[in-house]
>>> print(open('target_14.pdb').read())   # PDB, C-alpha atoms
ATOM      1  CA  MET A 405      40.204   1.178  23.311
ATOM      2  CA  LYS A 406      37.849  -1.383  21.764
ATOM      3  CA  ASN A 407      37.580  -1.670  18.016
ATOM      4  CA  ARG A 408      35.719  -3.574  15.306
ATOM      5  CA  LEU A 409      38.747  -4.054  13.106
ATOM      6  CA  LYS A 410      38.674  -7.850  13.164
ATOM      7  CA  VAL A 411      34.974  -7.935  12.242
ATOM      8  CA  LEU A 412      35.316  -5.344   9.498
ATOM      9  CA  ARG A 413      38.318  -7.171   8.115
ATOM     10  CA  ALA A 414      36.485 -10.515   8.158
ATOM     11  CA  GLU A 415      33.443  -8.954   6.433
ATOM     12  CA  ARG A 416      35.709  -7.926   3.573
ATOM     13  CA  ASP A 417      37.463 -11.304   3.567
ATOM     14  CA  MET A 418      40.827  -9.737   4.287
ATOM     15  CA  THR A 419      43.735 -11.272   6.165
ATOM     16  CA  GLN A 420      45.794  -9.279   8.657
ATOM     17  CA  ALA A 421      48.546  -9.189   6.049
ATOM     18  CA  ASP A 422      46.127  -7.795   3.425
ATOM     19  CA  LEU A 423      45.010  -5.034   5.775
ATOM     20  CA  ALA A 424      48.579  -4.275   6.808
ATOM     21  CA  ASN A 425      49.458  -4.038   3.139
ATOM     22  CA  GLU A 426      46.600  -1.610   2.422
ATOM     23  CA  LEU A 427      47.543   0.601   5.376
ATOM     24  CA  SER A 428      51.329   0.410   4.880
ATOM     25  CA  VAL A 429      51.979  -0.968   8.363
ATOM     26  CA  SER A 430      53.300  -4.272   9.672
ATOM     27  CA  ARG A 431      51.032  -7.266  10.319
ATOM     28  CA  GLN A 432      52.207  -7.097  13.929
ATOM     29  CA  THR A 433      50.646  -3.613  14.188
ATOM     30  CA  ILE A 434      47.272  -4.837  12.888
ATOM     31  CA  ASN A 435      47.368  -7.775  15.283
ATOM     32  CA  ALA A 436      48.212  -5.526  18.257
ATOM     33  CA  ILE A 437      45.377  -3.104  17.376
ATOM     34  CA  GLU A 438      42.858  -5.943  16.969
ATOM     35  CA  LYS A 439      43.833  -7.379  20.340
ATOM     36  CA  GLY A 440      43.497  -3.956  21.959
ATOM     37  CA  LYS A 441      47.157  -3.910  22.971
ATOM     38  CA  PHE A 442      47.864  -0.780  20.978
ATOM     39  CA  ASP A 443      45.844   2.251  19.868
ATOM     40  CA  PRO A 444      46.631   3.623  16.411
ATOM     41  CA  SER A 445      47.572   7.234  15.736
ATOM     42  CA  LEU A 446      44.971   9.607  14.317
ATOM     43  CA  PRO A 447      46.430   9.450  10.765
ATOM     44  CA  LEU A 448      46.284   5.638  10.828
ATOM     45  CA  ALA A 449      42.737   5.711  12.220
ATOM     46  CA  PHE A 450      41.748   8.034   9.349
ATOM     47  CA  LYS A 451      43.360   5.653   6.859
ATOM     48  CA  MET A 452      41.241   2.829   8.299
ATOM     49  CA  SER A 453      38.163   5.018   8.157
ATOM     50  CA  LYS A 454      38.820   5.752   4.488
ATOM     51  CA  LEU A 455      39.541   2.117   3.667
ATOM     52  CA  PHE A 456      36.385   0.776   5.344
ATOM     53  CA  GLN A 457      34.369   3.831   4.312
ATOM     54  CA  LEU A 458      33.095   4.241   7.845
ATOM     55  CA  PRO A 459      33.379   7.066  10.387
ATOM     56  CA  ILE A 460      36.140   6.553  12.978
ATOM     57  CA  GLU A 461      33.608   6.235  15.822
ATOM     58  CA  LEU A 462      32.083   3.191  14.105
ATOM     59  CA  ILE A 463      35.474   1.485  14.036
ATOM     60  CA  PHE A 464      36.766   2.518  17.457
ATOM     61  CA  GLU A 465      34.924   2.786  20.717
ATOM     62  CA  ASN A 466      36.318   4.852  23.575
ATOM     63  CA  GLU A 467      34.953   3.252  26.732
ATOM     64  CA  GLU A 468      35.877   6.208  28.975
ATOM     65  CA  ILE A 469      33.894   8.660  26.854
ATOM     66  CA  LYS A 470      31.032   6.180  26.633
ATOM     67  CA  LYS A 471      30.916   5.865  30.429
ATOM     68  CA  SER A 472      30.883   9.622  30.953
ATOM     69  CA  ILE A 473      27.891  10.136  28.608
TER      70      ILE A 473
ATOM     71  CA  MET B1374      52.485  -3.302  -4.195
ATOM     72  CA  LYS B1375      52.082  -0.840  -1.300
ATOM     73  CA  GLU B1376      53.519  -3.414   1.152
ATOM     74  CA  ILE B1377      56.524  -3.919  -1.099
ATOM     75  CA  THR B1378      57.100  -0.175  -1.296
ATOM     76  CA  TRP B1379      56.759   0.327   2.470
ATOM     77  CA  LYS B1380      58.835  -2.711   3.407
ATOM     78  CA  THR B1381      61.426  -1.892   0.776
ATOM     79  CA  GLN B1382      61.733   1.621   2.178
ATOM     80  CA  ILE B1383      62.301   0.281   5.705
ATOM     81  CA  LYS B1384      64.866  -2.239   4.459
ATOM     82  CA  LYS B1385      66.612   0.496   2.511
ATOM     83  CA  ASN B1386      66.724   2.800   5.543
ATOM     84  CA  THR B1387      67.914  -0.033   7.814
ATOM     85  CA  LYS B1388      70.725  -0.780   5.369
ATOM     86  CA  LYS B1389      71.685   2.904   5.152
ATOM     87  CA  LEU B1390      71.682   3.193   8.953
ATOM     88  CA  ALA B1391      73.905   0.120   9.203
ATOM     89  CA  ILE B1392      76.343   1.662   6.698
ATOM     90  CA  TRP B1393      76.452   4.995   8.593
ATOM     91  CA  THR B1394      76.957   3.144  11.895
ATOM     92  CA  PHE B1395      79.751   1.067  10.371
ATOM     93  CA  LEU B1396      81.448   4.180   8.979
ATOM     94  CA  TRP B1397      81.146   5.999  12.303
ATOM     95  CA  THR B1398      82.555   3.079  14.342
ATOM     96  CA  SER B1399      85.329   2.562  11.790
ATOM     97  CA  SER B1400      86.291   6.245  11.958
ATOM     98  CA  MET B1401      86.214   5.991  15.761
ATOM     99  CA  ALA B1402      88.678   3.085  15.603
ATOM    100  CA  LEU B1403      90.841   5.092  13.213
ATOM    101  CA  ALA B1404      90.826   8.135  15.523
ATOM    102  CA  VAL B1405      91.715   5.956  18.536
ATOM    103  CA  TYR B1406      94.408   3.719  17.024
ATOM    104  CA  GLY B1407      95.588   5.918  14.131
ATOM    105  CA  PRO B1408      97.838   8.247  16.195
ATOM    106  CA  LYS B1409      99.817   5.324  17.629
ATOM    107  CA  LEU B1410      99.726   2.773  14.832
ATOM    108  CA  ILE B1411      99.466   4.729  11.570
ATOM    109  CA  TRP B1412     100.575   8.386  11.688
ATOM    110  CA  ALA B1413     102.931   8.485  14.673
ATOM    111  CA  GLU B1414     101.096  11.042  16.858
ATOM    112  CA  ASN B1415     100.793  13.642  14.073
ATOM    113  CA  VAL B1416      98.450  16.250  15.656
ATOM    114  CA  ALA B1417      96.993  17.573  12.389
ATOM    115  CA  LEU B1418      96.033  14.074  11.223
ATOM    116  CA  THR B1419      94.560  13.267  14.636
ATOM    117  CA  ILE B1420      92.395  16.408  14.521
ATOM    118  CA  ILE B1421      91.237  15.525  11.000
ATOM    119  CA  ALA B1422      90.374  11.988  12.142
ATOM    120  CA  VAL B1423      88.364  13.345  15.102
ATOM    121  CA  ILE B1424      86.498  15.839  12.868
ATOM    122  CA  ILE B1425      85.689  13.088  10.340
ATOM    123  CA  ASN B1426      84.442  10.905  13.192
ATOM    124  CA  ALA B1427      82.211  13.714  14.513
ATOM    125  CA  LEU B1428      80.808  14.462  11.031
ATOM    126  CA  LEU B1429      80.052  10.790  10.408
ATOM    127  CA  GLY B1430      78.401  10.734  13.841
ATOM    128  CA  VAL B1431      76.105  13.594  12.795
ATOM    129  CA  GLY B1432      75.298  11.706   9.587
ATOM    130  CA  MET B1433      74.478   8.591  11.597
ATOM    131  CA  ILE B1434      72.169  10.563  13.902
ATOM    132  CA  LEU B1435      70.323  12.130  10.938
ATOM    133  CA  MET B1436      69.984   8.712   9.294
ATOM    134  CA  ASN B1437      68.650   7.289  12.556
ATOM    135  CA  ILE B1438      65.967  10.011  12.644
ATOM    136  CA  LYS B1439      65.039   9.194   9.036
ATOM    137  CA  TYR B1440      64.907   5.487   9.905
ATOM    138  CA  LEU B1441      62.652   6.095  12.930
ATOM    139  CA  ASN B1442      60.316   8.292  10.879
ATOM    140  CA  SER B1443      59.917   5.529   8.295
ATOM    141  CA  LEU B1444      58.651   3.032  10.891
ATOM    142  CA  ASP B1445      54.961   2.440  11.503
ATOM    143  CA  ASP B1446      53.066   3.513  14.652
ATOM    144  CA  LEU B1447      53.711   0.384  16.701
ATOM    145  CA  GLN B1448      57.373   0.092  15.769
ATOM    146  CA  LYS B1449      57.870   3.747  16.719
ATOM    147  CA  LYS B1450      56.250   3.067  20.096
ATOM    148  CA  ILE B1451      58.513   0.051  20.690
ATOM    149  CA  GLN B1452      61.566   2.126  19.742
ATOM    150  CA  LEU B1453      60.473   5.060  21.927
ATOM    151  CA  GLU B1454      59.951   2.837  24.974
ATOM    152  CA  ALA B1455      63.285   1.076  24.411
ATOM    153  CA  MET B1456      65.131   4.379  24.033
ATOM    154  CA  GLY B1457      63.437   5.759  27.149
ATOM    155  CA  ILE B1458      64.442   2.714  29.176
ATOM    156  CA  ALA B1459      67.999   2.688  27.797
ATOM    157  CA  LEU B1460      68.524   6.410  28.386
ATOM    158  CA  GLY B1461      66.995   6.248  31.866
ATOM    159  CA  ALA B1462      68.996   3.174  32.837
ATOM    160  CA  GLY B1463      72.157   4.801  31.472
ATOM    161  CA  VAL B1464      71.690   8.046  33.379
ATOM    162  CA  VAL B1465      70.538   6.426  36.627
ATOM    163  CA  GLY B1466      73.045   3.554  36.439
ATOM    164  CA  GLY B1467      75.913   5.842  35.431
ATOM    165  CA  LEU B1468      75.224   8.425  38.120
ATOM    166  CA  SER B1469      74.696   5.778  40.797
ATOM    167  CA  TYR B1470      78.048   4.237  39.910
ATOM    168  CA  SER B1471      79.668   7.674  39.907
ATOM    169  CA  LEU B1472      78.158   8.394  43.320
ATOM    170  CA  LEU B1473      79.500   5.120  44.718
ATOM    171  CA  TYR B1474      82.924   5.966  43.291
ATOM    172  CA  GLU B1475      82.898   9.543  44.624
ATOM    173  CA  THR B1476      81.942   8.342  48.098
ATOM    174  CA  HIS B1477      84.745   5.738  47.919
ATOM    175  CA  LEU B1478      82.341   2.821  48.283
ATOM    176  CA  ILE B1479      83.737   1.521  44.985
ATOM    177  CA  THR B1480      87.405   1.948  44.175
ATOM    178  CA  LYS B1481      87.377   0.744  40.592
ATOM    179  CA  ASP B1482      86.805   3.556  38.078
ATOM    180  CA  VAL B1483      85.289   2.416  34.773
ATOM    181  CA  GLU B1484      85.721   3.551  31.188
ATOM    182  CA  ILE B1485      82.952   5.516  29.403
ATOM    183  CA  SER B1486      82.763   2.591  26.967
ATOM    184  CA  PHE B1487      81.207   0.461  29.732
ATOM    185  CA  LEU B1488      78.343   2.951  29.957
ATOM    186  CA  VAL B1489      77.885   2.843  26.173
ATOM    187  CA  ILE B1490      77.822  -0.975  26.255
ATOM    188  CA  PHE B1491      75.364  -0.911  29.175
ATOM    189  CA  ILE B1492      73.026   1.496  27.318
ATOM    190  CA  SER B1493      73.285  -0.531  24.082
ATOM    191  CA  VAL B1494      72.516  -3.843  25.784
ATOM    192  CA  THR B1495      69.594  -2.292  27.702
ATOM    193  CA  TYR B1496      68.258  -0.859  24.430
ATOM    194  CA  LEU B1497      68.516  -4.208  22.606
ATOM    195  CA  VAL B1498      66.871  -6.142  25.450
ATOM    196  CA  SER B1499      64.091  -3.514  25.638
ATOM    197  CA  ILE B1500      63.469  -3.835  21.882
ATOM    198  CA  LEU B1501      63.175  -7.626  22.199
ATOM    199  CA  ILE B1502      60.791  -7.325  25.164
ATOM    200  CA  GLY B1503      58.723  -4.721  23.257
ATOM    201  CA  GLN B1504      58.527  -6.947  20.165
ATOM    202  CA  LYS B1505      57.359  -9.860  22.301
ATOM    203  CA  ARG B1506      54.841  -7.783  24.268
ATOM    204  CA  TYR B1507      53.018  -6.573  21.147
ATOM    205  CA  LYS B1508      53.267  -9.866  19.267
TER     206      LYS B1508
END
>>> encode(input="target_14.pdb", output="structure tokens")
Amino acid sequence: MKNRLKVLRAERDMTQADLANELSVSRQTINAIEKGKFDPSLPLAFKMSKLFQLPIELIFENEEIKKSI
Amino acid sequence: MKEITWKTQIKKNTKKLAIWTFLWTSSMALAVYGPKLIWAENVALTIIAVIINALLGVGMILMNIKYLNSLDDLQKKIQLEAMGIALGAGVVGGLSYSLLYETHLITKDVEISFLVIFISVTYLVSILIGQKRYK
């Protein structure tokens, strides 16, 4: 699943460690999500949504759903 | 502050799990060597030692569940994959060996401890591979 985490983080001048700190996860988790190696759980996605004040679909992009539309 | 709280909690749980594991393995050693070396085959003491070992084992399992629940999404995934591989390798490897032994293709019977060591090593290697894969 593609995501805009890196861009959103950069826009707010946050490091991976800062974001990890805000979301109570490891920096490794943020890095893996940004690289698309790992998809977060729904609770974590909601935490990100709340932090960036954006709907989940503006942070994550499901390519399979996009193709089917 | 949040990071400190979260990381502190994980460290705390890791430490508690290590203590439970140490207590369980120590009680296992006591139950194994106690009858011969300490209480001269006293049955009542041996039963008590085995019960203590089992109770500490339950405590260790509960602490392990607590530890796993305190991990973040990715760490849980790494743990889950490692446990799946270790359990699968243990069952498949153990049964394959048993089959070879039952069909007399292998004559050397092995101790259950070899299976435990095999599962533990597989689990540790799987954790390391998982950590590297998601780095």
>>> residues_around(input="target_14.pdb", residues="Arg413 in chain A", least_positions_apart="3", cutoff="12 Å", atoms="all atoms listed in the file", output="list in words")
Asn407, Arg408, Leu409, Lys410, Arg416, Asp417, Met418, Thr419, Gln420, Ala421, Asp422, Leu423, Ala424, Glu426, Ile434, Asn435, Glu438, Met452, Leu455, Phe456 and Ile463 of chain A
>>> resolve_selection(input="target_14.pdb", expression="the ChimeraX specification (/B :<12) & /A", output="list of chain:residue names")
A:Ala421, A:Asp422, A:Leu423, A:Ala424, A:Asn425, A:Glu426, A:Leu427, A:Ser428, A:Val429, A:Ser430, A:Arg431, A:Gln432, A:Thr433, A:Ile434, A:Asn435, A:Ala436, A:Ile437, A:Glu438, A:Lys439, A:Gly440, A:Lys441, A:Phe442, A:Asp443, A:Pro444, A:Ser445, A:Leu446, A:Pro447, A:Leu448, A:Ala449
>>> atom_distance(input="target_14.pdb", atom1="CA of Leu1488 in chain B", atom2="CA of Phe1395 in chain B")
19.7 Å
>>> atom_distance(input="target_14.pdb", atom1="CA of Ile1420 in chain B", atom2="CA of Thr1398 in chain B")
16.6 Å
>>> atom_distance(input="target_14.pdb", atom1="CA of Leu1418 in chain B", atom2="CA of Gly1432 in chain B")
20.9 Å
>>> residues_near_point(input="target_14.pdb", point="(66.0, 4.5, 6.4)", cutoff="10 Å", atoms="all atoms listed in the file", output="PyMOL selection string")
chain B and resi 1381-1391+1435-1444
>>> residues_near_point(input="target_14.pdb", point="(77.1, 5.6, 37.6)", cutoff="12 Å", atoms="only C-alpha atoms", output="ChimeraX atom specification")
/B:1461-1476,1479,1481-1485,1487-1489,1491-1492
>>> build_atoms(input="target_14.pdb", residues="range 405-426 of chain A", atoms="N, CA and C atoms", output="PDB file, keeping the file's coordinate frame")
ATOM      1  N   MET A 405      41.322   0.779  24.154  1.00  0.00           N
ATOM      2  CA  MET A 405      40.204   1.178  23.311  1.00  0.00           C
ATOM      3  C   MET A 405      39.721  -0.033  22.497  1.00  0.00           C
ATOM      4  N   LYS A 406      38.399  -0.265  22.543  1.00  0.00           N
ATOM      5  CA  LYS A 406      37.849  -1.383  21.764  1.00  0.00           C
ATOM      6  C   LYS A 406      37.718  -0.985  20.301  1.00  0.00           C
ATOM      7  N   ASN A 407      37.777  -1.993  19.433  1.00  0.00           N
ATOM      8  CA  ASN A 407      37.580  -1.670  18.016  1.00  0.00           C
ATOM      9  C   ASN A 407      36.947  -2.850  17.286  1.00  0.00           C
ATOM     10  N   ARG A 408      36.411  -2.549  16.105  1.00  0.00           N
ATOM     11  CA  ARG A 408      35.719  -3.574  15.306  1.00  0.00           C
ATOM     12  C   ARG A 408      36.561  -4.003  14.101  1.00  0.00           C
ATOM     13  N   LEU A 409      37.854  -3.812  14.233  1.00  0.00           N
ATOM     14  CA  LEU A 409      38.747  -4.054  13.106  1.00  0.00           C
ATOM     15  C   LEU A 409      38.673  -5.503  12.588  1.00  0.00           C
ATOM     16  N   LYS A 410      38.679  -6.421  13.540  1.00  0.00           N
ATOM     17  CA  LYS A 410      38.674  -7.850  13.164  1.00  0.00           C
ATOM     18  C   LYS A 410      37.389  -8.193  12.386  1.00  0.00           C
ATOM     19  N   VAL A 411      36.263  -7.665  12.884  1.00  0.00           N
ATOM     20  CA  VAL A 411      34.974  -7.935  12.242  1.00  0.00           C
ATOM     21  C   VAL A 411      34.933  -7.309  10.852  1.00  0.00           C
ATOM     22  N   LEU A 412      35.331  -6.058  10.780  1.00  0.00           N
ATOM     23  CA  LEU A 412      35.316  -5.344   9.498  1.00  0.00           C
ATOM     24  C   LEU A 412      36.228  -6.015   8.478  1.00  0.00           C
ATOM     25  N   ARG A 413      37.358  -6.481   8.977  1.00  0.00           N
ATOM     26  CA  ARG A 413      38.318  -7.171   8.115  1.00  0.00           C
ATOM     27  C   ARG A 413      37.724  -8.488   7.593  1.00  0.00           C
ATOM     28  N   ALA A 414      37.085  -9.229   8.523  1.00  0.00           N
ATOM     29  CA  ALA A 414      36.485 -10.515   8.158  1.00  0.00           C
ATOM     30  C   ALA A 414      35.351 -10.308   7.153  1.00  0.00           C
ATOM     31  N   GLU A 415      34.558  -9.244   7.355  1.00  0.00           N
ATOM     32  CA  GLU A 415      33.443  -8.954   6.433  1.00  0.00           C
ATOM     33  C   GLU A 415      33.930  -8.729   5.007  1.00  0.00           C
ATOM     34  N   ARG A 416      35.141  -8.209   4.905  1.00  0.00           N
ATOM     35  CA  ARG A 416      35.709  -7.926   3.573  1.00  0.00           C
ATOM     36  C   ARG A 416      36.649  -9.039   3.112  1.00  0.00           C
ATOM     37  N   ASP A 417      36.650 -10.135   3.909  1.00  0.00           N
ATOM     38  CA  ASP A 417      37.463 -11.304   3.567  1.00  0.00           C
ATOM     39  C   ASP A 417      38.953 -10.949   3.397  1.00  0.00           C
ATOM     40  N   MET A 418      39.416 -10.159   4.339  1.00  0.00           N
ATOM     41  CA  MET A 418      40.827  -9.737   4.287  1.00  0.00           C
ATOM     42  C   MET A 418      41.617 -10.425   5.398  1.00  0.00           C
ATOM     43  N   THR A 419      42.851 -10.753   5.112  1.00  0.00           N
ATOM     44  CA  THR A 419      43.735 -11.272   6.165  1.00  0.00           C
ATOM     45  C   THR A 419      44.404 -10.072   6.848  1.00  0.00           C
ATOM     46  N   GLN A 420      45.058 -10.355   7.976  1.00  0.00           N
ATOM     47  CA  GLN A 420      45.794  -9.279   8.657  1.00  0.00           C
ATOM     48  C   GLN A 420      46.871  -8.713   7.733  1.00  0.00           C
ATOM     49  N   ALA A 421      47.486  -9.617   6.969  1.00  0.00           N
ATOM     50  CA  ALA A 421      48.546  -9.189   6.049  1.00  0.00           C
ATOM     51  C   ALA A 421      47.991  -8.284   4.949  1.00  0.00           C
ATOM     52  N   ASP A 422      46.772  -8.626   4.456  1.00  0.00           N
ATOM     53  CA  ASP A 422      46.127  -7.795   3.425  1.00  0.00           C
ATOM     54  C   ASP A 422      45.876  -6.386   3.953  1.00  0.00           C
ATOM     55  N   LEU A 423      45.330  -6.338   5.180  1.00  0.00           N
ATOM     56  CA  LEU A 423      45.010  -5.034   5.775  1.00  0.00           C
ATOM     57  C   LEU A 423      46.289  -4.231   6.039  1.00  0.00           C
ATOM     58  N   ALA A 424      47.289  -4.936   6.548  1.00  0.00           N
ATOM     59  CA  ALA A 424      48.579  -4.275   6.808  1.00  0.00           C
ATOM     60  C   ALA A 424      49.139  -3.692   5.512  1.00  0.00           C
ATOM     61  N   ASN A 425      49.002  -4.465   4.458  1.00  0.00           N
ATOM     62  CA  ASN A 425      49.458  -4.038   3.139  1.00  0.00           C
ATOM     63  C   ASN A 425      48.734  -2.771   2.673  1.00  0.00           C
ATOM     64  N   GLU A 426      47.405  -2.767   2.843  1.00  0.00           N
ATOM     65  CA  GLU A 426      46.600  -1.610   2.422  1.00  0.00           C
ATOM     66  C   GLU A 426      46.947  -0.349   3.221  1.00  0.00           C
TER      67      GLU A 426
END
